[in-house]
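Here is the structure we will look at, set down as C-alpha cells.
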Amino acid sequence: MADLESLVLEATDENMEKVNEFVHRMLPPDAEKGTACKIDLAVEEIFVNIAHYAYKDSVGSAEICCGISSETDGRTLTLIFKDSGVPFNPLEQKDPDITLPAEEREIGGLGIFLTKKFMDSVDYIRDDCRNILTLRKKI
C-alpha cells in the first residue's frame, strides 16, 4: 500500500488548482503525459462533483489522499476522495449512451463514465457518514 499524503480544503471551484498542484507533486517526473492527462480529468471530475453537489447549498470540506506504491508489476497512483456530504455512489450511475450524437444524450454522467474508463479501478464506500471514493492508476 502506498504511503498517502493528505490535503483537506473547502470543496469549492476556487480550490481546484490547489488539488491539481497536490496531485502533480505526487506524480513521478517520468509519468507519461497521456496518463497524467487521464488522471487530471478524473481528479477534476470528482472534486468538482463534490464541490457542486455534496453539500447542497452550503460549503463543506473535501479530503484528498494521494500516494504512489511500487509493486512487482510497476507503480500505482492511489487517490482517495472523502467528503461528509449527501450519500452518493457514482458507480451506481447509469453510463451514458455514447453511441448517440451529443445533442441526443441526456445531460450528465459523462465525467464519471470517463473516470471509470481512464482509471484502472474505482471503488466507493460509505463509512462513518462519509463518501469515500478510491481511484487507482498504473503509472
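By convention in this document, the chains of the C-alpha cells carry letters A, B, ... by their order, each chain's residues are numbered from 1, and ligands are numbered from 1 in the order they are shown.
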
**Long-range neighbours of Leu27 (chain A) as a VMD selection string, 9 Å cut-off, only C-alpha atoms, 4 positions minimum in chain** = chain A and resid 23 31 36 67 to 68 77 139

With region 43-58 of chain A as the partner and 8 Å as the cut-off, tabulate the residues of region 3-35 of chain A that qualify, each row holding the nearest pair of atoms and their distance in Å to one decimal, using only C-alpha atoms, sorted by chain and rising number, as JSON lines.
```
{"residue": "A:Ala11", "atom": "CA", "partner": "A:Ala51", "partner_atom": "CA", "distance": 4.5}
{"residue": "A:Thr12", "atom": "CA", "partner": "A:Ala51", "partner_atom": "CA", "distance": 4.9}
{"residue": "A:Asp13", "atom": "CA", "partner": "A:Ala51", "partner_atom": "CA", "distance": 6.5}
{"residue": "A:Met16", "atom": "CA", "partner": "A:Glu44", "partner_atom": "CA", "distance": 7.1}
{"residue": "A:Asn20", "atom": "CA", "partner": "A:Val43", "partner_atom": "CA", "distance": 7.5}
```

Residue selection dump (all heavy atoms) as an mmCIF file, in the first residue's frame:
```
data_model
loop_
_atom_site.group_PDB
_atom_site.id
_atom_site.type_symbol
_atom_site.label_atom_id
_atom_site.label_comp_id
_atom_site.auth_asym_id
_atom_site.auth_seq_id
_atom_site.Cartn_x
_atom_site.Cartn_y
_atom_site.Cartn_z
ATOM 1 N N ALA A 11 -14.467 22.444 -0.332
ATOM 2 C CA ALA A 11 -14.835 21.917 -1.644
ATOM 3 C C ALA A 11 -15.474 23.031 -2.468
ATOM 4 O O ALA A 11 -16.690 23.172 -2.516
ATOM 5 C CB ALA A 11 -15.776 20.730 -1.484
ATOM 6 N N THR A 12 -14.618 23.838 -3.097
ATOM 7 C CA THR A 12 -15.074 24.942 -3.945
ATOM 8 C C THR A 12 -14.298 24.905 -5.254
ATOM 9 O O THR A 12 -13.160 24.403 -5.301
ATOM 10 C CB THR A 12 -14.835 26.313 -3.278
ATOM 11 O OG1 THR A 12 -13.438 26.503 -3.088
ATOM 12 C CG2 THR A 12 -15.576 26.422 -1.942
ATOM 13 N N ASP A 13 -14.895 25.460 -6.281
ATOM 14 C CA ASP A 13 -14.222 25.524 -7.584
ATOM 15 C C ASP A 13 -12.878 26.244 -7.471
ATOM 16 O O ASP A 13 -11.922 25.893 -8.169
ATOM 17 C CB ASP A 13 -15.095 26.243 -8.607
ATOM 18 C CG ASP A 13 -16.314 25.432 -9.019
ATOM 19 O OD1 ASP A 13 -16.323 24.205 -8.814
ATOM 20 O OD2 ASP A 13 -17.276 26.038 -9.545
ATOM 21 N N MET A 16 -9.758 24.079 -6.946
ATOM 22 C CA MET A 16 -9.392 23.059 -7.926
ATOM 23 C C MET A 16 -7.900 23.109 -8.253
ATOM 24 O O MET A 16 -7.237 22.077 -8.362
ATOM 25 C CB MET A 16 -10.231 23.248 -9.204
ATOM 26 C CG MET A 16 -10.034 22.173 -10.254
ATOM 27 S SD MET A 16 -10.727 20.589 -9.770
ATOM 28 C CE MET A 16 -9.243 19.613 -9.671
ATOM 29 N N ASN A 20 -5.074 20.110 -8.003
ATOM 30 C CA ASN A 20 -4.207 19.691 -9.115
ATOM 31 C C ASN A 20 -2.733 19.776 -8.740
ATOM 32 O O ASN A 20 -1.952 18.867 -9.049
ATOM 33 C CB ASN A 20 -4.472 20.536 -10.362
ATOM 34 C CG ASN A 20 -5.682 20.074 -11.124
ATOM 35 O OD1 ASN A 20 -6.055 18.907 -11.084
ATOM 36 N ND2 ASN A 20 -6.329 20.993 -11.804
#
```

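In this model, the gap between CA of Arg25 (chain A) and CA of Cys66 (chain A) comes to 9.7 Å.
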
**Request:** Please provide the set of residues having any atom within 7 Å of Val122 (chain A), restricted to only C-alpha atoms, with same-chain residues fewer than 2 positions apart removed, written as a list in words.
**Result:**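 Surrounding residues, per the criterion: Lys116, Met119, Tyr124, Thr134, Leu135 and Arg136 of chain A.
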
**Request:** Give me every alpha helix (DSSP H) residue in chain A, going by DSSP on the backbone, as an MDAnalysis selection string.
**Result:** chainID A and resid 16:26 33:49 110:118

**Asked** Tell me, which residues of chain A carry DSSP strand (DSSP E), written as a VMD selection string?
**Response** chain A and resid 5 to 10 61 to 71 74 to 83 121 to 127 130 to 138

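Straight-line separation from CA of Asp128 (chain A) to CA of His24 (chain A): 29.0 Å.
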
**Prompt:** Nearest to Phe22 (chain A) among A:Ile64, A:Ile125, A:Ile39, A:Ile132, with distances taken over only C-alpha atoms: which residue is it?
**Reply:** A:Ile64

**Asked** Mind pulling up the distance from CA of Gly85 (chain A) to CA of Cys37 (chain A)?
**Response**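 That distance, rounded to one decimal, is 27.3 Å.
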